[in-house]
Number of protein chains: 4
Amino acid sequence: MASKSNRIKIGILGASGYTGAELIRLLSRHPAAEITILTADRHAGKRLPQVFPHLGGLDLPDLVKIEDADWDKAEVVFCGLPHGTTQEVIAALPRRLKVIDLSADFRLEDPEDYARWYGHPHLALELQKEAVYGLTELKRDAVRKTRLCAVPGCYPTASLLPLVPLVDAEQIDPDDIIIDCKSGVTGAGRSLKEDMLFAEVSEGIHAYGVAHHRHTPEMEQELSAAAGRKIVVNFTPHLMPMNRGILSTIYVRLVNGTSADDLRATLETRYAGEPFVRMLPEGVAPATRHVRGSNLCLIGVFADRVPGRAILLSVLDNLVKGASGQAIQNMNLMAGFAETAGLEQQPLFP
Amino acid sequence: MASKSNRIKIGILGASGYTGAELIRLLSRHPAAEITILTADRHAGKRLPQVFPHLGGLDLPDLVKIEDADWDKAEVVFCGLPHGTTQEVIAALPRRLKVIDLSADFRLEDPEDYARWYGHPHLALELQKEAVYGLTELKRDAVRKTRLCAVPGCYPTASLLPLVPLVDAEQIDPDDIIIDCKSGVTGAGRSLKEDMLFAEVSEGIHAYGVAHHRHTPEMEQELSAAAGRKIVVNFTPHLMPMNRGILSTIYVRLVNGTSADDLRATLETRYAGEPFVRMLPEGVAPATRHVRGSNLCLIGVFADRVPGRAILLSVLDNLVKGASGQAIQNMNLMAGFAETAGLEQQPLFP
Amino acid sequence: MASKSNRIKIGILGASGYTGAELIRLLSRHPAAEITILTADRHAGKRLPQVFPHLGGLDLPDLVKIEDADWDKAEVVFCGLPHGTTQEVIAALPRRLKVIDLSADFRLEDPEDYARWYGHPHLALELQKEAVYGLTELKRDAVRKTRLCAVPGCYPTASLLPLVPLVDAEQIDPDDIIIDCKSGVTGAGRSLKEDMLFAEVSEGIHAYGVAHHRHTPEMEQELSAAAGRKIVVNFTPHLMPMNRGILSTIYVRLVNGTSADDLRATLETRYAGEPFVRMLPEGVAPATRHVRGSNLCLIGVFADRVPGRAILLSVLDNLVKGASGQAIQNMNLMAGFAETAGLEQQPLFP
Amino acid sequence: MASKSNRIKIGILGASGYTGAELIRLLSRHPAAEITILTADRHAGKRLPQVFPHLGGLDLPDLVKIEDADWDKAEVVFCGLPHGTTQEVIAALPRRLKVIDLSADFRLEDPEDYARWYGHPHLALELQKEAVYGLTELKRDAVRKTRLCAVPGCYPTASLLPLVPLVDAEQIDPDDIIIDCKSGVTGAGRSLKEDMLFAEVSEGIHAYGVAHHRHTPEMEQELSAAAGRKIVVNFTPHLMPMNRGILSTIYVRLVNGTSADDLRATLETRYAGEPFVRMLPEGVAPATRHVRGSNLCLIGVFADRVPGRAILLSVLDNLVKGASGQAIQNMNLMAGFAETAGLEQQPLFP
């Protein structure tokens, strides 16, 4: 473990949200990192345990407003701010800082896509050009070299990891992809909304954002890149009563002569040796509770009983591999650390 | 409300399971019914509140073994026994009894289908010929006349109510139907299985029975009847941490020129005036928590962003409309009562 | 069932909260009641299902602002408004209206108690003198005659039903009462607070309002009346991850020579014939899930292993017997209906 | 981190239960430990991920029967077997092995206590004499020297940590202690019981084992030792719908002139510098969700409004500080490692 003075200095912008808390949980045990700046506008002046009592006992700086942050203290910045705001904040940072952004602001390469899905023009087009979409296992080399990494959304991470290699391999029809996702509540953040109250979430499930969720263009961007042409997908997210976890159930049509076993073999080859993506054996379905708190993504492949079709199942913890964990995985690459540094916890079950 | 002596006399076989408890909850408030026999082999000799403390304060017979039941006391029998056993028990009942069966034993018209999916030959083929598949809204006339009603499975009820009228109307392609279902735990009954322990279910979701769940042939039977030819569907059930409720998210391909609005219009016409099936307005997604404890099925229809596709969403309480409530609805028809008798409770939310 | 024109006309003020929804759920099936006014300031102009989708399919008036309510349409008003506001609203109502208030505003007889616990002087002292504390089983005669009924808090209802008869009988020491309560989230209403978000409530428990919860003076008022002198109690509420239900675990010291069996006998005698209060047999502990959705209160009595002490356990559904159900029970008395009218549902389990 | 060959070799007996899984989760990241034996009679021959899918990707031995374990491979044994069995198994182990037992078998010093509470005579009385009750913070020196450590029960750990120093200091009356505990389900282990099914636990709470739970004699043994005479306590456990966590709400009577602040000061002094026990500031109540997955115990002290009384609140994760974590903490002492080795994870929230 590095001595404190040798550790990389880290600022976390938006430390009072769930992804902020998760970054702190993980980075406080990272062997080569030290948290030196924490911002949280509404809570500026507080100590962190006043906002997150579970994070007591750590030697951390107090929360400050972004405008009061001393950037000289940081080498890397994680940004967990709302989209829109993020562009302006990041544009104003010293360019020597490496930036890992957890918002949606730098995920879409096409500014028109951004404007269409987010309802306003992109305000930092030059920065956008530098950004790398940090789906680590599929973009490792680009991530290593970038200064600005856009961490993918939780739903796209869970869905693209199984899908992209199969589109690449031309084993599935990219025009017939149905992505049915089930998510816990922390994906929606810590903001006060009536439909996030315990009594409105527990003991039930419902679909939301049907046919217009903002993670759709991310998925289509990456699938289009793999297919070499514009792809449109069905994506239907559902909200269910759990804190963490996404299950993506994906229905695909096989290209002539391909079988579900072929798909599994392709993914096994693609992810052999990957520390965080694991293929399950035939017949085993992944469960979100088996990745809770870890940076893992588990993937299963099943033959459909409809001839010529298959079902992909993938799970991850939306706050870890779907957000803060993948962010740190990317930081490790950008900083030249071991990719798994700080991310080796086992899942917490039950 | 009928005086006690005028009420129809009811036996409940398998009263110690969740569907049994739900029958008792509902029938104890039914204006024209009286429970006269309760069987529960393992618990014979007990009073009901020893098995279900929430059902105290009712004037009910003690639990007996099936072989000790005095059939002279009953006019109608609800059967909530395991499949296989059910066939033998029902075959041995006096033929003057009306029977409403909640097991899978009389749902499949084709004995080969039964043998294939349940692993043993059907033992009461003659009875099977009498049985009516009691999806009430779609089989009302046949139910009224039958002596033996097979109550559909919870998943098929949630899925067939939106699908059958659309296949009937030739507005969707019956060869491209994907049914992604999410269910609470009570669908699995009260039996002791490690994977039903609180710690194994809470805070998580997983798919199970992928491509081989036994509710598949029911769905295919009814869709095939509607299409006039053999239909194969994809059906993927998921288990999630809630007690009651099924959400069926169904992905369909539109027949040329049809729109999602057309589908909604067809269903609105089909279900106009139905007391228990309600179409939601455009843009509103149903939630399982809004039907909890009621006999309702809510259906929403959405255009997919993939051209030529649509999404159907339907919810119900698996213990009510998906089991005991629909069973009573069928009994009401078979006995000549108002179809809604005993089933008019509002949902319980939160 | 009364024909519509003969039913009592009911206004519900504050219909968009959980107690409002529960009043509507229950009153919509009440044989002698008709809802004619629904107010909800923030949601005025909407139809009820826009606010509570589970309450579709009912023939109900639209939501209006209180100042737009036509009081000529009502005979009885249920008031589910915040404390403070309530006093002013009720003071302004036509005096011919019977009022059942679910807030805390008319529960405390001593205006100084009110001022001390609620932080401002009582604004309707004359009305306060008319009010009856509607703990129905213990105040039946007074409730029958009053025009203004203050429905007790959920914690006091669960705690006073077992305690008052025992203090009355001088079987327990009123100076040594410890009330440890566990509640679901709906007791806190539907308002937006960070600590009511699903992610902040699920998978955990904590005490809150330790030694200063506002339900304390209600309990002390009624226990003091029973004891004939000023009583101070310990009351510690805990918030836990469930929607409905309160469990009150009460630790008492026996008066010389009294046993736990004596306490149980006293309560059995006191509540014999009561439709909604049930004593459990020796050795049986009540569970909140066994009263869900019902107006029941279940009570168990246990000997402590510390000599001279006993433990009382009582459960109820905080939205029914702890709020809207008890309110209707009181209305039934005030209107001369059968006390159980509209309140005979069985609990919903699971 | 020690190289593999220098690590202490560890056997885990009973690896297919929740405490076994938690030992593996924690020890697999321990810097100086290596798991070399895993036993699980029912699952012998399987690989661990077949029993606990969340523990994939680790380099672990296969599960074997106890009688097939090669004790030469181990230096330390953790025993997570049922009481009764445990005595015989441990008695048969080579005496050179250090043993940390998570069952109740070696917790009670008085064999008559054991026989009374567990219903059969103790079968390893000689071993019992060697055993140390491993409530680490209060028994550190004895633990360091022992060969056989009995890990305290989860309820006793949560309750004794705040109580013992106060009885020691003669600040509270040991004859008037009421311990009201609320626990998640994993304290009951992974065995198949109807009352542990999701549908029987969710959305509810109930007391169990009232006045006769087997953790009572442990608490009384340690409190009696502190008081210097036989102490009897009230202990009432409650089961609630969460996986992990215990909250102990303890009602105490102050010795003349003592205040709640005095109690807090005593505990602050006692636990100053302790890595795993943290006192909360005045007015802050601990929540179980803030220690999830960690080895922490948080304690708050409140003045009661009943004069002369106070309330202690403590929380811990029953699988970590209440079982496997405290077991490893003890092993660290017994093996001469840093006490915090392998136990420095932050809590997982939400």
# chains A, B, ... in the order shown; residues from 1 in each chain; ligands from 1
>>> residues_around(residues="stretch 144-152 of chain A", least_positions_apart="6", cutoff="6 Å", atoms="only C-alpha atoms", output="VMD selection string")
chain A and resid 98 to 102 106 to 107 131 to 134 327 333 to 334
>>> interface_residues(of="chain C", to="chain B", cutoff="7 Å", atoms="only C-alpha atoms", output="ChimeraX atom specification")
/C:25,53-55,243,290-291,293,346-350
>>> select_by_dssp(residues="stretch 192-252 of chain A", states="helix (DSSP H, G or I)", output="number ranges by chain")
A: 194-196, 198-201, 216-227
>>> select_by_dssp(residues="stretch 96-307 of chain A", states="strand (DSSP E)", output="count of residues only")
48
>>> residues_around(residues="A:Ser324", least_positions_apart="4", cutoff="6 Å", atoms="only C-alpha atoms", output="ChimeraX atom specification")
/A:19,23,319-320
>>> closest_residue(among="B:Pro241, B:Gly342, B:Gly300, B:Gly14", to="B:Leu163", atoms="only C-alpha atoms")
B:Gly300
>>> residues_around(residues="C:Val255", least_positions_apart="6", cutoff="6 Å", atoms="only C-alpha atoms", output="MDAnalysis selection string")
chainID C and resid 171:173
>>> write_last_selection(atoms="all heavy atoms", output="PDB file, in the first residue's frame")
ATOM      1  N   GLN C 171     -53.698  -3.124  38.612  1.00  0.00           N
ATOM      2  CA  GLN C 171     -52.886  -4.347  38.570  1.00  0.00           C
ATOM      3  C   GLN C 171     -51.442  -4.077  38.155  1.00  0.00           C
ATOM      4  O   GLN C 171     -50.592  -4.951  38.291  1.00  0.00           O
ATOM      5  CB  GLN C 171     -53.527  -5.364  37.613  1.00  0.00           C
ATOM      6  CG  GLN C 171     -54.835  -5.932  38.167  1.00  0.00           C
ATOM      7  CD  GLN C 171     -55.425  -6.990  37.267  1.00  0.00           C
ATOM      8  OE1 GLN C 171     -55.526  -6.796  36.067  1.00  0.00           O
ATOM      9  NE2 GLN C 171     -55.822  -8.110  37.869  1.00  0.00           N
ATOM     10  N   ILE C 172     -51.201  -2.901  37.588  1.00  0.00           N
ATOM     11  CA  ILE C 172     -49.814  -2.560  37.222  1.00  0.00           C
ATOM     12  C   ILE C 172     -49.464  -1.207  37.819  1.00  0.00           C
ATOM     13  O   ILE C 172     -50.347  -0.392  38.113  1.00  0.00           O
ATOM     14  CB  ILE C 172     -49.609  -2.540  35.691  1.00  0.00           C
ATOM     15  CG1 ILE C 172     -50.520  -1.484  35.034  1.00  0.00           C
ATOM     16  CG2 ILE C 172     -49.870  -3.921  35.093  1.00  0.00           C
ATOM     17  CD1 ILE C 172     -50.234  -1.276  33.563  1.00  0.00           C
ATOM     18  N   ASP C 173     -48.165  -1.002  37.984  1.00  0.00           N
ATOM     19  CA  ASP C 173     -47.663   0.245  38.570  1.00  0.00           C
ATOM     20  C   ASP C 173     -47.603   1.309  37.477  1.00  0.00           C
ATOM     21  O   ASP C 173     -46.787   1.199  36.550  1.00  0.00           O
ATOM     22  CB  ASP C 173     -46.264  -0.015  39.146  1.00  0.00           C
ATOM     23  CG  ASP C 173     -45.632   1.245  39.700  1.00  0.00           C
ATOM     24  OD1 ASP C 173     -46.233   2.338  39.600  1.00  0.00           O
ATOM     25  OD2 ASP C 173     -44.516   1.130  40.241  1.00  0.00           O
TER      26      ASP C 173
END
>>> closest_residue(among="D:Phe235, D:Phe198, D:Trp71, D:Phe337", to="C:Ile311", atoms="only C-alpha atoms")
D:Phe235
>>> residues_around(residues="D:Gly209", least_positions_apart="2", cutoff="9 Å", atoms="only C-alpha atoms", output="PDB file with N, CA and C atoms, in the first residue's frame")
ATOM      1  N   ALA D 207     -42.721 -10.306  18.080  1.00  0.00           N
ATOM      2  CA  ALA D 207     -41.790 -10.783  19.098  1.00  0.00           C
ATOM      3  C   ALA D 207     -41.773 -12.307  19.047  1.00  0.00           C
ATOM      4  N   ALA D 211     -39.342 -14.037  26.829  1.00  0.00           N
ATOM      5  CA  ALA D 211     -38.960 -14.479  28.177  1.00  0.00           C
ATOM      6  C   ALA D 211     -38.258 -15.840  28.208  1.00  0.00           C
ATOM      7  N   HIS D 212     -37.898 -16.396  27.058  1.00  0.00           N
ATOM      8  CA  HIS D 212     -37.143 -17.641  27.132  1.00  0.00           C
ATOM      9  C   HIS D 212     -36.174 -17.842  25.961  1.00  0.00           C
ATOM     10  N   HIS D 213     -35.652 -16.761  25.406  1.00  0.00           N
ATOM     11  CA  HIS D 213     -34.685 -16.897  24.320  1.00  0.00           C
ATOM     12  C   HIS D 213     -33.334 -17.339  24.896  1.00  0.00           C
ATOM     13  N   ARG D 214     -32.651 -18.209  24.165  1.00  0.00           N
ATOM     14  CA  ARG D 214     -31.420 -18.817  24.675  1.00  0.00           C
ATOM     15  C   ARG D 214     -30.224 -17.870  24.781  1.00  0.00           C
ATOM     16  N   THR D 236     -36.322  -9.328  25.204  1.00  0.00           N
ATOM     17  CA  THR D 236     -37.402  -9.634  24.259  1.00  0.00           C
ATOM     18  C   THR D 236     -36.918  -9.393  22.841  1.00  0.00           C
ATOM     19  N   PRO D 237     -36.681 -10.460  22.083  1.00  0.00           N
ATOM     20  CA  PRO D 237     -36.261 -10.282  20.691  1.00  0.00           C
ATOM     21  C   PRO D 237     -37.457 -10.181  19.738  1.00  0.00           C
ATOM     22  N   HIS D 238     -37.272  -9.438  18.669  1.00  0.00           N
ATOM     23  CA  HIS D 238     -38.297  -9.271  17.632  1.00  0.00           C
ATOM     24  C   HIS D 238     -37.674  -9.572  16.279  1.00  0.00           C
TER      25      HIS D 238
END
>>> closest_residue(among="A:Glu137, A:Glu170, A:Asp176, A:Glu222", to="A:Gln326", atoms="only C-alpha atoms")
A:Glu137
>>> residues_around(residues="A:Ser103", least_positions_apart="2", cutoff="7 Å", atoms="only C-alpha atoms", output="list in words")
Gly80, Leu81, Pro82, His83, Asp101 and Asp105 of chain A
>>> residues_around(residues="B:Ala33", least_positions_apart="6", cutoff="12 Å", atoms="only C-alpha atoms", output="ChimeraX atom specification")
/B:1-11,23-24,26-27,74-77,328,331-332,335,337,341-342
